[in-house]
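Below is coords_10.txt, which holds compact mmCIF, C-alpha atoms.
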```txt
# COMPACT_ATOMS: atom_id res chain seq x y z
CA MET H 1 12.36 11.02 -18.34
CA ILE H 2 14.99 10.05 -15.76
CA GLN H 3 17.39 12.60 -17.20
CA ALA H 4 14.68 15.23 -17.01
CA LEU H 5 14.17 14.40 -13.33
CA PHE H 6 17.91 14.72 -12.66
CA ASP H 7 17.98 18.06 -14.47
CA TYR H 8 15.02 19.22 -12.41
CA GLN H 9 16.77 18.02 -9.26
CA ARG H 10 19.74 20.25 -10.08
CA GLU H 11 17.32 23.15 -10.35
CA ILE H 12 15.96 22.14 -6.95
CA TYR H 13 19.42 22.33 -5.37
CA LEU H 14 20.05 25.78 -6.81
CA SER H 15 16.62 27.10 -5.85
CA VAL H 16 16.77 25.79 -2.27
CA ALA H 17 20.25 27.25 -1.86
CA GLN H 18 19.01 30.63 -3.06
CA HIS H 19 16.05 30.66 -0.65
CA LEU H 20 18.23 29.70 2.30
CA LYS H 21 20.80 32.33 1.32
CA SER H 22 18.06 34.96 1.23
CA PHE H 23 16.72 33.88 4.61
CA ALA H 24 20.20 34.04 6.12
CA ALA H 25 20.51 37.59 4.82
CA ASP H 26 17.17 39.07 5.98
CA GLY H 27 15.91 36.53 8.56
CA SER H 28 12.32 36.79 7.31
CA TRP H 29 10.43 33.72 8.54
CA LEU H 30 7.35 34.88 6.61
CA ALA H 31 9.30 34.70 3.36
CA LEU H 32 10.58 31.25 4.31
CA PHE H 33 7.11 29.89 5.14
CA MET H 34 5.78 31.26 1.86
CA VAL H 35 8.15 29.01 -0.09
CA LEU H 36 7.47 25.87 1.97
CA PRO H 37 4.93 24.58 -0.60
CA MET H 38 7.87 24.63 -3.00
CA GLY H 39 9.72 22.43 -0.52
CA VAL H 40 6.87 19.91 -0.68
CA VAL H 41 7.08 19.91 -4.48
CA PHE H 42 10.86 19.52 -4.25
CA GLY H 43 10.47 16.49 -1.98
CA ALA H 44 7.84 14.86 -4.20
CA ALA H 45 9.92 15.36 -7.35
CA HIS H 46 13.09 14.20 -5.61
CA ALA H 47 11.34 10.99 -4.52
CA LEU H 48 10.58 10.22 -8.18
CA THR H 49 14.27 9.90 -8.96
CA PRO H 50 15.93 6.46 -8.68
CA GLY H 51 16.28 5.26 -5.11
CA HIS H 52 14.04 5.89 -2.09
CA SER H 53 13.24 2.14 -1.97
CA LYS H 54 10.10 2.59 -4.10
CA THR H 55 10.41 -0.86 -5.69
CA LEU H 56 11.00 -2.58 -2.35
CA LEU H 57 8.12 -0.66 -0.78
CA ALA H 58 5.78 -1.66 -3.59
CA ALA H 59 6.94 -5.28 -3.36
CA TYR H 60 6.35 -5.41 0.39
CA ILE H 61 2.88 -3.86 0.14
CA THR H 62 1.96 -6.28 -2.64
CA GLY H 63 3.12 -9.38 -0.83
CA SER H 64 2.35 -8.61 2.80
CA GLN H 65 -1.43 -8.23 2.46
CA VAL H 66 -1.45 -5.07 4.60
CA LYS H 67 -4.38 -2.71 4.19
CA LEU H 68 -4.04 0.67 2.52
CA SER H 69 -4.06 2.53 5.85
CA ARG H 70 -1.23 0.39 7.23
CA GLY H 71 0.64 0.69 3.95
CA LEU H 72 0.52 4.47 4.22
CA LEU H 73 2.02 4.18 7.71
CA VAL H 74 4.84 2.11 6.20
CA SER H 75 5.51 4.80 3.60
CA LEU H 76 5.41 7.49 6.29
CA ALA H 77 7.92 5.56 8.42
CA LEU H 78 10.19 5.24 5.38
CA SER H 79 9.92 8.96 4.57
CA LEU H 80 10.50 10.06 8.16
CA THR H 81 13.56 7.84 8.59
CA HIS H 82 14.99 8.84 5.21
CA ILE H 83 14.79 12.56 5.99
CA ALA H 84 15.41 12.49 9.75
CA LEU H 85 18.62 10.48 9.40
CA ALA H 86 20.06 13.10 7.06
CA VAL H 87 19.07 15.88 9.47
CA LEU H 88 20.69 14.08 12.41
CA ILE H 89 23.89 13.46 10.50
CA ALA H 90 24.15 17.13 9.53
CA VAL H 91 23.09 18.65 12.87
CA LEU H 92 24.89 16.34 15.25
CA ALA H 93 27.91 15.74 13.03
CA LEU H 94 27.74 12.04 13.90
CA PRO H 95 31.03 10.15 13.77
CA VAL H 96 29.34 7.77 11.33
CA VAL H 97 29.74 10.45 8.65
CA SER H 98 33.41 9.68 8.08
CA ILE H 99 32.82 5.96 7.63
CA ALA H 100 29.31 5.86 6.16
CA LEU H 101 29.38 8.60 3.56
CA GLY H 102 31.69 7.15 0.98
CA SER H 103 30.74 9.57 -1.80
CA ALA H 104 28.56 12.59 -2.31
CA GLY H 105 24.89 11.73 -1.91
CA ARG H 106 25.52 8.13 -0.97
CA ALA H 107 26.00 6.22 2.26
CA PRO H 108 27.36 2.75 1.39
CA ALA H 109 27.49 1.45 4.97
CA LEU H 110 23.94 2.53 5.72
CA GLU H 111 22.73 1.19 2.37
CA ALA H 112 24.30 -2.17 3.18
CA LEU H 113 22.67 -2.18 6.62
CA SER H 114 19.29 -1.26 5.14
CA ARG H 115 19.36 -3.89 2.41
CA GLY H 116 20.81 -6.54 4.74
CA LEU H 117 17.95 -6.08 7.22
CA LEU H 118 15.40 -6.15 4.41
CA GLY H 119 16.98 -9.36 3.13
CA LEU H 120 16.38 -10.92 6.55
CA VAL H 121 12.78 -9.73 6.41
CA GLY H 122 12.49 -11.36 2.99
CA ALA H 123 13.79 -14.67 4.32
CA TRP H 124 11.33 -14.43 7.23
CA MET H 125 8.43 -13.80 4.83
CA ILE H 126 9.32 -16.83 2.72
CA TRP H 127 9.65 -19.03 5.82
CA ARG H 128 6.32 -17.76 7.14
CA ALA H 129 4.58 -18.34 3.80
CA LEU H 130 5.92 -21.88 3.40
CA ARG H 131 4.80 -22.77 6.93
CA GLY H 132 1.33 -21.40 6.24
CA ARG H 133 1.47 -18.76 8.95
CA ARG H 134 -0.65 -15.80 7.88
CA GLN H 135 -0.37 -13.77 11.07
CA HIS H 136 1.71 -10.59 10.87
CA HIS H 137 3.42 -8.87 13.75
CA ALA H 138 1.68 -5.68 14.87
CA HIS H 139 4.42 -3.29 13.78
CA GLU H 140 6.13 -5.33 11.08
CA GLY H 141 5.23 -2.86 8.34
CA GLU H 142 6.53 0.17 10.20
CA ALA H 143 9.76 -1.70 10.97
CA VAL H 144 10.19 -2.46 7.26
CA GLY H 145 9.64 1.22 6.50
CA VAL H 146 12.37 2.22 8.96
CA MET H 147 14.77 -0.37 7.53
CA ALA H 148 14.11 0.78 3.97
CA GLY H 149 14.63 4.39 5.00
CA LEU H 150 18.06 3.85 6.58
CA ILE H 151 19.67 5.78 3.75
CA PRO H 152 20.08 9.53 4.33
CA CYS H 153 18.40 11.77 1.78
CA PRO H 154 21.13 13.51 -0.28
CA LEU H 155 18.90 16.53 -0.93
CA THR H 156 18.28 16.95 2.81
CA LEU H 157 21.99 16.56 3.54
CA PHE H 158 22.71 19.33 1.07
CA VAL H 159 20.01 21.60 2.49
CA MET H 160 21.11 21.04 6.09
CA THR H 161 24.80 21.45 5.32
CA PHE H 162 24.14 24.66 3.41
CA ALA H 163 21.82 26.00 6.13
CA ILE H 164 24.33 25.24 8.89
CA ALA H 165 27.11 26.88 6.88
CA ARG H 166 24.92 29.98 6.59
CA GLY H 167 24.15 29.93 10.31
CA VAL H 168 20.44 29.14 9.89
CA PRO H 169 20.08 25.44 10.84
CA TRP H 170 16.43 25.87 11.90
CA ALA H 171 15.57 27.09 8.40
CA GLY H 172 17.13 23.92 7.02
CA ILE H 173 15.06 21.78 9.38
CA VAL H 174 11.86 23.57 8.36
CA PHE H 175 12.69 22.95 4.71
CA ALA H 176 13.48 19.31 5.52
CA ILE H 177 10.04 18.86 7.10
CA ALA H 178 8.40 20.28 3.98
CA MET H 179 10.46 17.97 1.77
CA MET H 180 9.53 15.00 3.96
CA ALA H 181 5.87 15.75 3.27
CA GLY H 182 6.62 15.69 -0.45
CA VAL H 183 8.50 12.40 -0.24
CA ALA H 184 5.63 10.91 1.78
CA ILE H 185 3.13 11.98 -0.89
CA THR H 186 5.07 10.25 -3.66
CA LEU H 187 5.60 7.09 -1.62
CA GLY H 188 1.94 7.13 -0.59
CA ILE H 189 0.99 7.05 -4.27
CA VAL H 190 3.34 4.09 -4.72
CA VAL H 191 1.53 2.32 -1.87
CA GLY H 192 -1.86 3.02 -3.40
CA LEU H 193 -0.77 1.64 -6.79
CA ALA H 194 0.71 -1.46 -5.12
CA VAL H 195 -2.57 -2.15 -3.30
CA LEU H 196 -4.52 -1.78 -6.56
CA PHE H 197 -2.06 -4.11 -8.32
CA ARG H 198 -2.40 -6.68 -5.54
CA ARG H 199 -6.19 -6.62 -5.71
CA GLY H 200 -6.20 -6.79 -9.49
CA SER H 201 -3.75 -9.70 -9.50
CA ALA H 202 -5.84 -11.57 -6.95
CA ILE H 203 -8.98 -11.18 -9.06
CA ILE H 204 -7.21 -12.43 -12.19
CA LEU H 205 -5.64 -15.41 -10.42
CA GLN H 206 -8.96 -16.35 -8.79
CA ARG H 207 -10.52 -16.53 -12.25
CA PHE H 208 -7.92 -19.17 -13.09
CA GLY H 209 -8.90 -21.21 -10.04
CA SER H 210 -6.30 -20.11 -7.52
CA SER H 211 -7.48 -19.91 -3.92
CA THR H 212 -7.04 -16.80 -1.77
CA VAL H 213 -4.59 -18.66 0.47
CA ARG H 214 -2.50 -19.82 -2.48
CA ILE H 215 -2.45 -16.32 -3.97
CA SER H 216 -1.34 -14.81 -0.65
CA THR H 217 1.39 -17.43 -0.31
CA LEU H 218 2.72 -16.83 -3.82
CA LEU H 219 2.72 -13.06 -3.37
CA GLU H 220 4.51 -13.29 -0.05
CA ILE H 221 7.15 -15.66 -1.40
CA GLY H 222 7.64 -13.37 -4.40
CA THR H 223 8.10 -10.38 -2.12
CA GLY H 224 10.60 -12.30 0.01
CA LEU H 225 12.63 -13.19 -3.07
CA ILE H 226 12.68 -9.55 -4.20
CA LEU H 227 13.91 -8.37 -0.80
CA ILE H 228 16.59 -11.06 -0.68
CA GLY H 229 17.59 -10.22 -4.25
CA ALA H 230 18.01 -6.55 -3.34
CA ALA H 231 20.21 -7.51 -0.42
CA VAL H 232 22.38 -9.85 -2.51
CA ARG H 233 22.73 -7.23 -5.25
CA GLN H 234 23.79 -4.60 -2.69
CA PHE H 235 26.61 -6.78 -1.36
CA LEU H 236 27.73 -7.93 -4.82
CA VAL H 237 27.92 -4.38 -6.16
CA ALA H 238 29.60 -2.97 -3.03
```
Give the structure from the file, written as structure tokens.
Amino acid sequence: MIQALFDYQREIYLSVAQHLKSFAADGSWLALFMVLPMGVVFGAAHALTPGHSKTLLAAYITGSQVKLSRGLLVSLALSLTHIALAVLIAVLALPVVSIALGSAGRAPALEALSRGLLGLVGAWMIWRALRGRRQHHAHEGEAVGVMAGLIPCPLTLFVMTFAIARGVPWAGIVFAIAMMAGVAITLGIVVGLAVLFRRGSAIILQRFGSSTVRISTLLEIGTGLILIGAAVRQFLVA
């Protein structure tokens, strides 16, 4: 299945390149807007491939006790940061490119920053759970989404680089917005499944005599350990 997704992603690259090439040739915005739904599909399919912090997002939603509406905001923050960072790097030619983009489609320095910050969040969640503090900061979830999204989208980098090379950067940005919608849809589904898993787990544990407070504490500690584990793994592999 993963190989099939990678093969499909290659088709995405080729198809996007062809559409942008055609737009650069005839400048038809109508033709470009007609293929934007394809951009949404591209983004959704791309988000299914490994990466995009889906596991960390699901872990945070499961352990943080946020509601579905707030969880969707977290996924939106992640999607927006993931796509927007790639657009900024391509459009502004940030100096960080030379030091952050160590290989095609990857940004080791930004990955390390993202996972390091999430590791700190994990430690904070464990400390909060052990001290019995159930109160969450107002924008904690959105901040986690931004931290998890601090890795530029390789597909967006490709689209923007190709569009700029063809002299149609605005077409690349329009495509990037469509792809962001697709990524947000996939991550929103992840959030929904995480909320259902959390509720189902709570029901099962309550049947075995666990209190709501104890369940919340265990889930939050578990989430903290996952976030710390991701951070440790990032620095060991780097």
(request) Write out as a PyMOL selection string the residues lying within 10 Å of stretch 153-164 of chain H, counting all atoms listed in the file and excluding same-chain residues fewer than 6 positions away. (result) chain H and resi 9-10+12-13+16-17+20-21+23-24+42-43+46-47+51-52+79+81-91+104-107+170-177+179-180
(request) Do a neighbour search on H:Glu140 at 12 Å with all atoms listed in the file, toss out local chain neighbours closer than 5 positions, and write the hits as a list in words. (result)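 In the requested format, the answer is Tyr60, Ile61, Ser64, Gln65, Val66, Arg70, Gly71, Leu73, Val74, Ala77, Leu118, Val121, Gly122, Trp124, Met125, Gln135, Gly145, Val146 and Met147 of chain H.
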(request) Quote the spacing between atom CA of H:Glu11 and atom CA of H:Gly192 in Å to one decimal place. (result) 28.7 Å
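As for atom CA of H:Leu32 and atom CA of H:Ala44, they are spaced 18.7 Å apart.
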(request) Kindly give the distance, in Å, that separates atom CA of H:Ser69 and atom CA of H:Thr186, rounded to a single decimal. (result)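 Value for the atom CA of H:Ser69-atom CA of H:Thr186 distance: 15.3 Å.
Ranking H:Ala129, H:Val41, H:Ile221, H:Ala194 by their shortest atom-to-atom distance to H:Lys67, with all atoms listed in the file included, puts H:Ala194 first.
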(request) Using only C-alpha atoms, find the one residue out of H:Ser22, H:Trp29, H:Glu142, H:Asp7 that sits nearest to H:Ser75. (result)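 Closest candidate: H:Glu142.
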Edge lengths and centre in Å to one decimal, as lines of an AutoDock Vina configuration file, of the axis-aligned box that encloses all listed atoms of stretch 61-70 of chain H with 5 Å added on every side?
```
center_x = -0.6
center_y = -3.4
center_z = 2.3
size_x = 17.5
size_y = 21.9
size_z = 19.9
```
(message) Restricting the calculation to all atoms listed in the file: of H:Leu14, H:Met38, H:Val191, H:Leu196, which residue gets closest to H:Ala178?
(response)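 Between H:Leu14, H:Met38, H:Val191, H:Leu196, the residue approaching H:Ala178 most closely is H:Met38.
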(message) Taking (18.6, -9.0, 1.5) as a centre in this file's frame and 6 Å as the limit, can you find every polymer residue with an atom that close, using all atoms listed in the file, and give them as a list in words?
(response) Arg115, Gly116, Leu118, Gly119, Leu120, Leu227, Ile228, Gly229, Ala230, Ala231 and Val232 of chain H
